[in-house]
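Q: One file is attached below, target-v5.tsv, containing TSV, C-alpha atoms.
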```tsv
chain	number	residue	atom	x	y	z
M	279	MET	CA	16.35	-89.63	-3.35
M	280	ASN	CA	18.43	-87.66	-0.84
M	281	HIS	CA	17.63	-84.20	0.49
M	282	SER	CA	20.25	-82.37	-1.60
M	283	ARG	CA	18.98	-83.94	-4.85
M	284	ARG	CA	15.35	-83.12	-3.93
M	285	SER	CA	16.36	-79.55	-3.17
M	286	PHE	CA	18.27	-79.27	-6.45
M	287	LEU	CA	15.38	-80.55	-8.53
M	288	LYS	CA	12.96	-78.34	-6.65
M	289	SER	CA	15.10	-75.24	-7.20
M	290	SER	CA	15.55	-76.12	-10.89
M	291	SER	CA	11.80	-76.45	-11.34
M	292	ALA	CA	11.23	-73.13	-9.58
M	293	ALA	CA	13.79	-71.46	-11.84
M	294	ALA	CA	12.10	-72.87	-14.91
M	295	ALA	CA	8.74	-71.58	-13.74
M	296	ALA	CA	10.27	-68.16	-13.13
M	297	GLY	CA	11.50	-67.98	-16.72
M	298	LEU	CA	15.22	-68.46	-16.13
M	299	PHE	CA	15.09	-71.56	-18.30
M	300	LEU	CA	13.67	-70.90	-21.75
M	301	PRO	CA	12.39	-74.17	-23.23
M	302	TYR	CA	12.61	-74.68	-26.98
M	303	GLY	CA	11.25	-78.20	-27.34
M	304	ASP	CA	11.98	-81.69	-26.14
M	305	LEU	CA	15.78	-81.66	-26.10
M	306	MET	CA	15.95	-85.22	-24.83
M	307	THR	CA	14.30	-86.72	-27.91
M	308	LYS	CA	13.78	-84.24	-30.75
M	309	PRO	CA	15.89	-81.10	-30.45
M	310	GLU	CA	14.44	-78.44	-32.71
M	311	GLN	CA	16.56	-76.48	-35.12
M	312	LEU	CA	17.43	-72.96	-34.04
M	313	LYS	CA	15.12	-70.55	-35.85
M	314	ALA	CA	17.66	-67.75	-36.29
M	315	PRO	CA	18.33	-67.22	-40.02
M	316	ALA	CA	21.76	-68.22	-41.30
M	317	LYS	CA	23.64	-66.09	-43.80
M	318	ALA	CA	25.80	-67.65	-46.48
M	319	GLY	CA	29.09	-68.70	-44.96
M	320	PHE	CA	27.69	-70.05	-41.71
M	321	ARG	CA	29.19	-73.39	-40.80
M	322	LEU	CA	28.90	-75.54	-37.69
M	323	MET	CA	32.15	-77.30	-36.90
M	324	VAL	CA	31.96	-79.91	-34.11
M	325	LEU	CA	35.23	-81.29	-32.79
M	326	ALA	CA	36.15	-84.31	-30.70
M	327	THR	CA	38.35	-84.39	-27.61
M	328	ASN	CA	41.04	-87.02	-27.06
M	329	TRP	CA	40.72	-86.50	-23.29
M	330	GLY	CA	40.17	-90.03	-22.01
M	331	PHE	CA	40.89	-91.72	-25.35
M	332	ASN	CA	43.35	-94.58	-24.98
M	333	GLY	CA	44.99	-95.04	-28.34
M	334	SER	CA	47.24	-93.52	-30.97
M	335	ALA	CA	46.65	-90.26	-32.80
M	336	GLU	CA	45.66	-92.24	-35.89
M	337	ALA	CA	43.18	-94.39	-33.94
M	338	PHE	CA	41.64	-91.28	-32.41
M	339	CYS	CA	41.33	-89.48	-35.75
M	340	ALA	CA	39.83	-92.61	-37.32
M	341	ALA	CA	37.24	-92.85	-34.54
M	342	ALA	CA	36.38	-89.13	-34.76
M	343	LYS	CA	35.99	-89.34	-38.54
M	344	LYS	CA	33.80	-92.44	-38.30
M	345	GLU	CA	31.40	-90.68	-35.90
M	346	GLY	CA	31.06	-87.67	-38.19
M	347	TYR	CA	33.14	-85.05	-36.38
M	348	ASN	CA	34.61	-82.22	-38.43
M	349	GLY	CA	37.86	-82.22	-36.50
M	350	ILE	CA	39.61	-82.62	-33.18
M	351	GLU	CA	40.90	-80.46	-30.35
M	352	VAL	CA	44.13	-81.61	-28.69
M	353	TRP	CA	46.99	-80.18	-26.68
M	354	TRP	CA	49.81	-78.89	-28.84
M	355	PRO	CA	52.36	-81.74	-28.85
M	356	GLY	CA	55.80	-80.61	-27.82
M	357	GLU	CA	57.84	-83.35	-29.48
M	358	ALA	CA	58.56	-83.44	-33.22
M	359	ALA	CA	57.66	-87.14	-33.49
M	360	GLN	CA	54.29	-86.52	-31.84
M	361	GLN	CA	53.64	-83.61	-34.18
M	362	LYS	CA	54.38	-85.73	-37.25
M	363	GLU	CA	52.13	-88.53	-36.04
M	364	LEU	CA	49.30	-86.10	-35.40
M	365	PHE	CA	49.57	-84.18	-38.67
M	366	ASP	CA	49.84	-87.40	-40.68
M	367	ALA	CA	46.61	-88.63	-39.08
M	368	LEU	CA	44.84	-85.31	-39.64
M	369	GLN	CA	45.78	-85.37	-43.30
M	370	LYS	CA	44.81	-89.03	-43.73
M	371	TYR	CA	41.33	-88.50	-42.30
M	372	GLN	CA	40.86	-84.94	-43.58
M	373	LEU	CA	40.11	-83.43	-40.18
M	374	GLU	CA	40.33	-79.85	-38.93
M	375	VAL	CA	42.26	-79.14	-35.72
M	376	GLY	CA	42.14	-76.74	-32.80
M	377	PHE	CA	45.05	-76.65	-30.36
M	378	LEU	CA	45.08	-76.27	-26.60
M	379	CYS	CA	47.98	-74.27	-25.19
M	380	GLY	CA	48.82	-73.51	-21.58
M	381	GLY	CA	51.34	-73.68	-18.80
M	382	TYR	CA	51.51	-75.32	-15.38
M	383	GLN	CA	54.40	-73.65	-13.62
M	384	PRO	CA	53.43	-71.98	-10.33
M	385	VAL	CA	55.83	-69.08	-10.95
M	386	TRP	CA	54.32	-66.46	-13.26
M	387	LYS	CA	57.38	-65.63	-15.37
M	388	GLU	CA	58.19	-69.29	-16.09
M	389	HIS	CA	54.51	-70.02	-16.75
M	390	LEU	CA	54.16	-67.16	-19.24
M	391	GLU	CA	57.32	-68.12	-21.13
M	392	SER	CA	56.15	-71.72	-21.42
M	393	PHE	CA	52.76	-70.55	-22.67
M	394	LYS	CA	54.31	-68.20	-25.23
M	395	LYS	CA	56.51	-70.97	-26.59
M	396	SER	CA	53.59	-73.37	-26.97
M	397	ALA	CA	51.19	-70.86	-28.53
M	398	THR	CA	53.80	-69.56	-30.94
M	399	ALA	CA	54.71	-73.05	-32.12
M	400	ALA	CA	51.05	-74.05	-32.54
M	401	THR	CA	50.11	-70.99	-34.59
M	402	ARG	CA	53.23	-70.92	-36.75
M	403	ASN	CA	53.50	-74.62	-37.54
M	404	SER	CA	53.83	-75.25	-41.27
M	405	ALA	CA	51.94	-78.59	-41.41
M	406	GLN	CA	48.32	-77.50	-40.89
M	407	LYS	CA	46.80	-74.19	-39.89
M	408	PRO	CA	44.64	-74.61	-36.78
M	409	VAL	CA	41.08	-73.35	-36.82
M	410	TYR	CA	41.71	-71.73	-33.43
M	411	ILE	CA	43.92	-71.83	-30.37
M	412	ASN	CA	42.24	-72.42	-27.02
M	413	CYS	CA	44.24	-71.08	-24.09
M	414	HIS	CA	44.39	-72.38	-20.56
M	415	SER	CA	45.55	-68.95	-19.54
M	416	GLY	CA	47.41	-67.99	-16.39
M	417	ARG	CA	46.33	-69.03	-12.94
M	418	ASP	CA	43.65	-67.98	-10.48
M	419	HIS	CA	46.31	-66.89	-7.97
M	420	PHE	CA	48.26	-64.65	-10.38
M	421	SER	CA	47.60	-60.93	-10.15
M	422	TYR	CA	45.43	-59.09	-12.65
M	423	GLU	CA	48.45	-57.57	-14.38
M	424	GLU	CA	50.23	-60.93	-14.52
M	425	ASN	CA	47.22	-62.57	-16.13
M	426	LYS	CA	46.66	-59.63	-18.46
M	427	ALA	CA	50.06	-60.37	-20.00
M	428	PHE	CA	48.59	-63.54	-21.53
M	429	ILE	CA	45.86	-61.53	-23.25
M	430	ASP	CA	48.31	-58.92	-24.50
M	431	PHE	CA	50.54	-61.61	-25.97
M	432	THR	CA	47.76	-63.53	-27.72
M	433	SER	CA	46.20	-60.36	-29.12
M	434	GLY	CA	49.44	-59.61	-30.92
M	435	LEU	CA	49.95	-63.22	-32.02
M	436	SER	CA	46.42	-63.44	-33.40
M	437	ALA	CA	46.87	-60.22	-35.36
M	438	GLN	CA	50.14	-61.50	-36.82
M	439	THR	CA	48.88	-64.96	-37.81
M	440	GLY	CA	45.18	-64.39	-38.52
M	441	ILE	CA	44.29	-67.28	-36.20
M	442	THR	CA	41.52	-66.89	-33.62
M	443	ILE	CA	42.97	-67.25	-30.12
M	444	CYS	CA	40.53	-67.69	-27.23
M	445	HIS	CA	40.93	-67.83	-23.46
M	446	GLU	CA	38.91	-70.48	-21.65
M	447	THR	CA	36.58	-69.90	-18.71
M	448	HIS	CA	38.20	-72.66	-16.70
M	449	ARG	CA	38.67	-73.34	-13.00
M	450	SER	CA	42.18	-72.66	-11.70
M	451	ARG	CA	42.87	-70.34	-14.67
M	452	MET	CA	42.54	-66.56	-14.90
M	453	LEU	CA	38.87	-66.67	-15.98
M	454	PHE	CA	37.86	-69.14	-13.28
M	455	ALA	CA	34.83	-67.18	-12.04
M	456	ALA	CA	32.22	-65.01	-13.71
M	457	HIS	CA	32.82	-61.84	-11.68
M	458	VAL	CA	36.59	-62.11	-12.18
M	459	ALA	CA	36.23	-62.73	-15.91
M	460	ARG	CA	34.03	-59.64	-16.16
M	461	GLN	CA	36.94	-57.43	-15.13
M	462	PHE	CA	39.07	-58.84	-17.93
M	463	ILE	CA	36.24	-58.52	-20.46
M	464	GLU	CA	35.55	-54.90	-19.59
M	465	LYS	CA	39.21	-53.82	-19.56
M	466	ASN	CA	40.49	-55.81	-22.55
M	467	PRO	CA	38.44	-55.25	-25.73
M	468	SER	CA	40.54	-57.72	-27.73
M	469	LEU	CA	39.76	-60.62	-25.38
M	470	LYS	CA	38.00	-63.59	-27.02
M	471	LEU	CA	36.55	-66.41	-24.96
M	472	THR	CA	36.24	-70.14	-25.10
M	473	LEU	CA	33.05	-70.56	-23.11
M	474	ASP	CA	33.05	-73.55	-20.80
M	475	ILE	CA	30.34	-72.22	-18.55
M	476	SER	CA	30.05	-75.50	-16.68
M	477	HIS	CA	33.03	-74.33	-14.61
M	478	TRP	CA	31.22	-71.19	-13.53
M	479	CYS	CA	28.13	-73.18	-12.50
M	480	ASN	CA	30.41	-75.19	-10.23
M	481	VAL	CA	32.41	-72.23	-8.89
M	482	HIS	CA	29.32	-70.16	-8.06
M	483	GLU	CA	27.24	-73.19	-6.98
M	484	SER	CA	24.36	-71.97	-9.10
M	485	MET	CA	22.97	-71.79	-12.61
M	486	LEU	CA	24.10	-68.14	-12.64
M	487	GLY	CA	20.61	-66.64	-12.49
M	488	ASP	CA	21.99	-63.89	-10.26
M	489	GLN	CA	24.75	-62.96	-12.73
M	490	GLN	CA	22.83	-62.72	-15.97
M	491	GLU	CA	24.41	-59.42	-17.04
M	492	THR	CA	27.90	-60.84	-16.60
M	493	VAL	CA	26.98	-63.99	-18.50
M	494	ALA	CA	25.59	-61.84	-21.33
M	495	LEU	CA	28.91	-59.99	-21.56
M	496	ALA	CA	30.76	-63.30	-21.76
M	497	LEU	CA	28.44	-64.65	-24.45
M	498	ALA	CA	29.09	-61.55	-26.56
M	499	LYS	CA	32.83	-62.28	-26.42
M	500	THR	CA	32.57	-66.04	-27.03
M	501	GLU	CA	34.21	-67.39	-30.19
M	502	HIS	CA	34.49	-71.08	-29.26
M	503	ILE	CA	32.39	-73.36	-27.03
M	504	HIS	CA	33.19	-76.35	-24.88
M	505	ALA	CA	29.89	-78.23	-24.78
M	506	ARG	CA	29.89	-79.88	-21.40
M	507	ILE	CA	26.88	-79.65	-19.09
M	508	GLY	CA	27.66	-78.47	-15.57
M	509	HIS	CA	25.40	-77.97	-12.57
M	510	ALA	CA	25.41	-76.23	-9.23
M	511	GLU	CA	27.40	-78.98	-7.52
M	512	GLY	CA	29.83	-79.97	-10.25
M	513	PRO	CA	31.29	-79.27	-13.71
M	514	GLN	CA	29.77	-82.35	-15.36
M	515	VAL	CA	26.41	-84.06	-15.00
M	516	ASN	CA	26.67	-87.84	-14.95
M	517	ASP	CA	24.66	-88.23	-18.18
M	518	PRO	CA	22.94	-85.35	-20.04
M	519	ARG	CA	20.43	-87.85	-21.49
M	520	ALA	CA	18.98	-88.55	-18.05
M	521	PRO	CA	15.62	-86.77	-17.48
M	522	GLU	CA	16.60	-85.33	-14.09
M	523	TRP	CA	19.06	-83.00	-15.87
M	524	GLU	CA	16.60	-81.61	-18.41
M	525	ALA	CA	16.49	-78.13	-16.87
M	526	VAL	CA	20.25	-77.64	-16.74
M	527	VAL	CA	20.71	-79.09	-20.24
M	528	LYS	CA	18.16	-76.60	-21.56
M	529	GLN	CA	19.91	-73.77	-19.74
M	530	HIS	CA	23.23	-74.57	-21.37
M	531	PHE	CA	21.63	-74.70	-24.81
M	532	ASN	CA	19.95	-71.36	-24.12
M	533	TRP	CA	23.39	-69.87	-23.48
M	534	TRP	CA	24.86	-71.50	-26.57
M	535	ASP	CA	21.88	-70.32	-28.63
M	536	VAL	CA	23.03	-66.74	-28.11
M	537	VAL	CA	26.40	-67.49	-29.68
M	538	ALA	CA	24.85	-69.58	-32.46
M	539	THR	CA	22.38	-66.82	-33.35
M	540	ARG	CA	25.21	-64.30	-33.71
M	541	LYS	CA	27.32	-66.69	-35.78
M	542	ARG	CA	24.39	-67.53	-38.06
M	543	GLN	CA	23.43	-63.90	-38.58
M	544	ARG	CA	27.00	-62.98	-39.49
M	545	GLY	CA	27.65	-66.02	-41.68
M	546	GLU	CA	30.59	-67.15	-39.53
M	547	THR	CA	31.97	-70.53	-38.53
M	548	MET	CA	30.80	-71.78	-35.14
M	549	THR	CA	33.25	-74.17	-33.47
M	550	VAL	CA	32.14	-76.45	-30.65
M	551	LEU	CA	34.04	-79.14	-28.75
M	552	THR	CA	32.09	-81.98	-27.14
M	553	GLU	CA	34.03	-82.29	-23.88
M	554	PHE	CA	32.46	-84.65	-21.39
M	555	GLY	CA	35.46	-86.05	-19.54
M	556	PRO	CA	36.56	-89.51	-18.40
M	557	PRO	CA	36.67	-90.95	-14.87
M	558	THR	CA	37.06	-89.49	-12.34
M	559	TYR	CA	35.90	-86.24	-13.90
M	560	MET	CA	32.91	-88.36	-14.79
M	561	PRO	CA	31.31	-89.65	-11.58
M	562	VAL	CA	32.27	-93.20	-10.66
M	563	LEU	CA	30.96	-95.88	-8.33
M	564	PRO	CA	32.73	-96.26	-4.98
M	565	TYR	CA	35.37	-98.97	-4.52
M	566	THR	CA	35.28	-100.22	-8.13
M	567	GLN	CA	35.77	-96.77	-9.72
M	568	GLN	CA	33.42	-97.90	-12.46
M	569	PRO	CA	32.21	-94.90	-14.53
M	570	VAL	CA	28.47	-94.38	-14.34
M	571	ALA	CA	28.14	-93.72	-18.10
M	572	ASP	CA	29.99	-94.12	-21.39
M	573	GLN	CA	32.06	-91.00	-22.06
M	574	TRP	CA	32.49	-91.53	-25.80
M	575	ALA	CA	28.77	-92.27	-26.30
M	576	ILE	CA	27.80	-89.12	-24.40
M	577	ASN	CA	30.10	-86.95	-26.51
M	578	VAL	CA	28.70	-88.46	-29.71
M	579	HIS	CA	25.18	-87.80	-28.37
M	580	MET	CA	26.16	-84.17	-27.75
M	581	MET	CA	27.63	-83.89	-31.25
M	582	LYS	CA	24.43	-85.15	-32.84
M	583	THR	CA	22.28	-82.92	-30.62
M	584	LEU	CA	24.38	-79.89	-31.55
M	585	ARG	CA	24.00	-80.70	-35.25
M	586	ASN	CA	20.23	-81.10	-34.92
M	587	ARG	CA	20.03	-77.78	-33.12
M	588	TYR	CA	22.41	-75.56	-35.07
M	589	GLN	CA	23.28	-77.03	-38.46
```
Let me see the file written as structure tokens.

A:
Amino acid sequence: MNHSRRSFLKSSSAAAAAGLFLPYGDLMTKPEQLKAPAKAGFRLMVLATNWGFNGSAEAFCAAAKKEGYNGIEVWWPGEAAQQKELFDALQKYQLEVGFLCGGYQPVWKEHLESFKKSATAATRNSAQKPVYINCHSGRDHFSYEENKAFIDFTSGLSAQTGITICHETHRSRMLFAAHVARQFIEKNPSLKLTLDISHWCNVHESMLGDQQETVALALAKTEHIHARIGHAEGPQVNDPRAPEWEAVVKQHFNWWDVVATRKRQRGETMTVLTEFGPPTYMPVLPYTQQPVADQWAINVHMMKTLRNRYQ
């Protein structure tokens, strides 16, 4: 075991002893059900990602259905043929869908226009109403006002369509860091978040124990969750089933518990995407580039763990 790993485990243990990690049972083997009461109407909806899936839309939907997912989250397809293929598969396997929308242009005006086109098409499509839209919004190098334009646009679009539109806490995007996201949260009451807090763990090189107030603000605005486990040195642990990650796995579930408790008490739908990524987002061995774990199996493990905890 190298020095950095020893230091990480030591600091994690110290944090647990200090009460930053709030254990709720043996997550690795028998995750306990959340004790918060659930009003009528509460529903847990767990979705699958096609990130890393090599196959057709129908093959992906078939695999997601077989595993017991409620639906899928995919990027809005720009081509009509791709849209037909996707919607046919969704209908065949009776799956819900959430769409990802974003832009990649480095110039703000072009980026915003591309984003608007994608989000508008996804929300107004006549084939199947999405459960939500998840936005890869803006860029970390755009100004506050430039990034705010994405929130202003989606607030209006959500009001017009009745579809929940969330902005993801994602590296390289406008909400890439906790302290930056806080400014947007405090100044934009309509902002709704997709919480992928693994990115913030990576950006701040910590489990965010020194930004608990900011994290609490983000949790209060969270409407959708990306359930990947990050740590102080990266956005994805190699395998959340491994015992060395127990403390950080528990910390992520403690964060998600806050959202689940609110959703249960209000009788609302809670949407979660299992989003462990493929190589090389997943660590790989040198030279061979062999992934150190099975991405699909990990996501199915997360789906089952989420159901045991929240359903």

Q: From the list M:Gly555, M:Pro518, M:Gly545, M:Pro355, which residue is nearest Thr583 (chain M) when using all atoms listed in the file?

A: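 Using all atoms listed in the file, the shortest distance to Thr583 (chain M) belongs to M:Pro518.
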
Q: Here is a test: counting all atoms listed in the file, which residue of M:Asp430, M:Glu446, M:Thr472, M:Thr492 is nearest to Arg460 (chain M)?

A: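 Answer, going by the shortest atom-to-atom distance: M:Thr492.
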
Q: From the set M:Asn466, M:Gln567, M:Ser484, M:Asn577, which residue has the shortest atom-to-atom contact distance to Leu325 (chain M), counting only C-alpha atoms?

A: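 The shortest atom-to-atom distance to Leu325 (chain M) comes from M:Asn577.
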
Q: Please check which residues have atoms at most 12 Å from (41.9, -90.5, -45.8) in the file's coordinates, counting only C-alpha atoms, and write them as a ChimeraX atom specification.

A: /M:336,339-340,343-344,366-373

Q: CA of Glu351 (chain M) and CA of Lys426 (chain M) are how many Å apart?

A: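 Computing the Euclidean distance for CA of Glu351 (chain M) and CA of Lys426 (chain M) yields 24.7 Å.
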
Q: Residues within 10 Å of Asp572 (chain M), please, as an MDAnalysis selection string. Count all atoms listed in the file; anything in the same chain fewer than 2 positions from it doesn't count.

A: chainID M and resid 516:517 554:557 560 569:570 574:577

Q: Let's have the selection written as a compact mmCIF listing (two decimals), in the coordinates of the input, with C-alpha atoms.

A:
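And here's selection-v9.txt as it stands now:
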```txt
# COMPACT_ATOMS: atom_id res chain seq x y z
CA ASN M 516 26.67 -87.84 -14.95
CA ASP M 517 24.66 -88.23 -18.18
CA PHE M 554 32.46 -84.65 -21.39
CA GLY M 555 35.46 -86.05 -19.54
CA PRO M 556 36.56 -89.51 -18.40
CA PRO M 557 36.67 -90.95 -14.87
CA MET M 560 32.91 -88.36 -14.79
CA PRO M 569 32.21 -94.90 -14.53
CA VAL M 570 28.47 -94.38 -14.34
CA TRP M 574 32.49 -91.53 -25.80
CA ALA M 575 28.77 -92.27 -26.30
CA ILE M 576 27.80 -89.12 -24.40
CA ASN M 577 30.10 -86.95 -26.51
```

Q: From the options M:Val481, M:Ala455, M:Met581, M:Ile429, which residue's atoms come nearest to Ser468 (chain M), counting all atoms listed in the file?

A: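 Smallest separation from Ser468 (chain M) among the options: M:Ile429.
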
Q: Which residues, protein or nucleic acid, reach to within 8 Å of (24.2, -74.6, -12.7) in the file's coordinates when using only C-alpha atoms, and can you give that as a PyMOL selection string?

A: chain M and resi 476+478-480+483-486+508-511+526

Q: So the first atom is CA of Gln461 (chain M) and the second is CA of Thr439 (chain M); what is the distance between them in Å, to one decimal place?

A: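 Between CA of Gln461 (chain M) and CA of Thr439 (chain M) the gap works out to 26.7 Å.
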
Q: When distances are computed from all atoms listed in the file, which of M:Arg587, M:Leu551, M:Arg542, M:Gly380 shows the smallest separation from Lys528 (chain M)?

A: M:Arg587
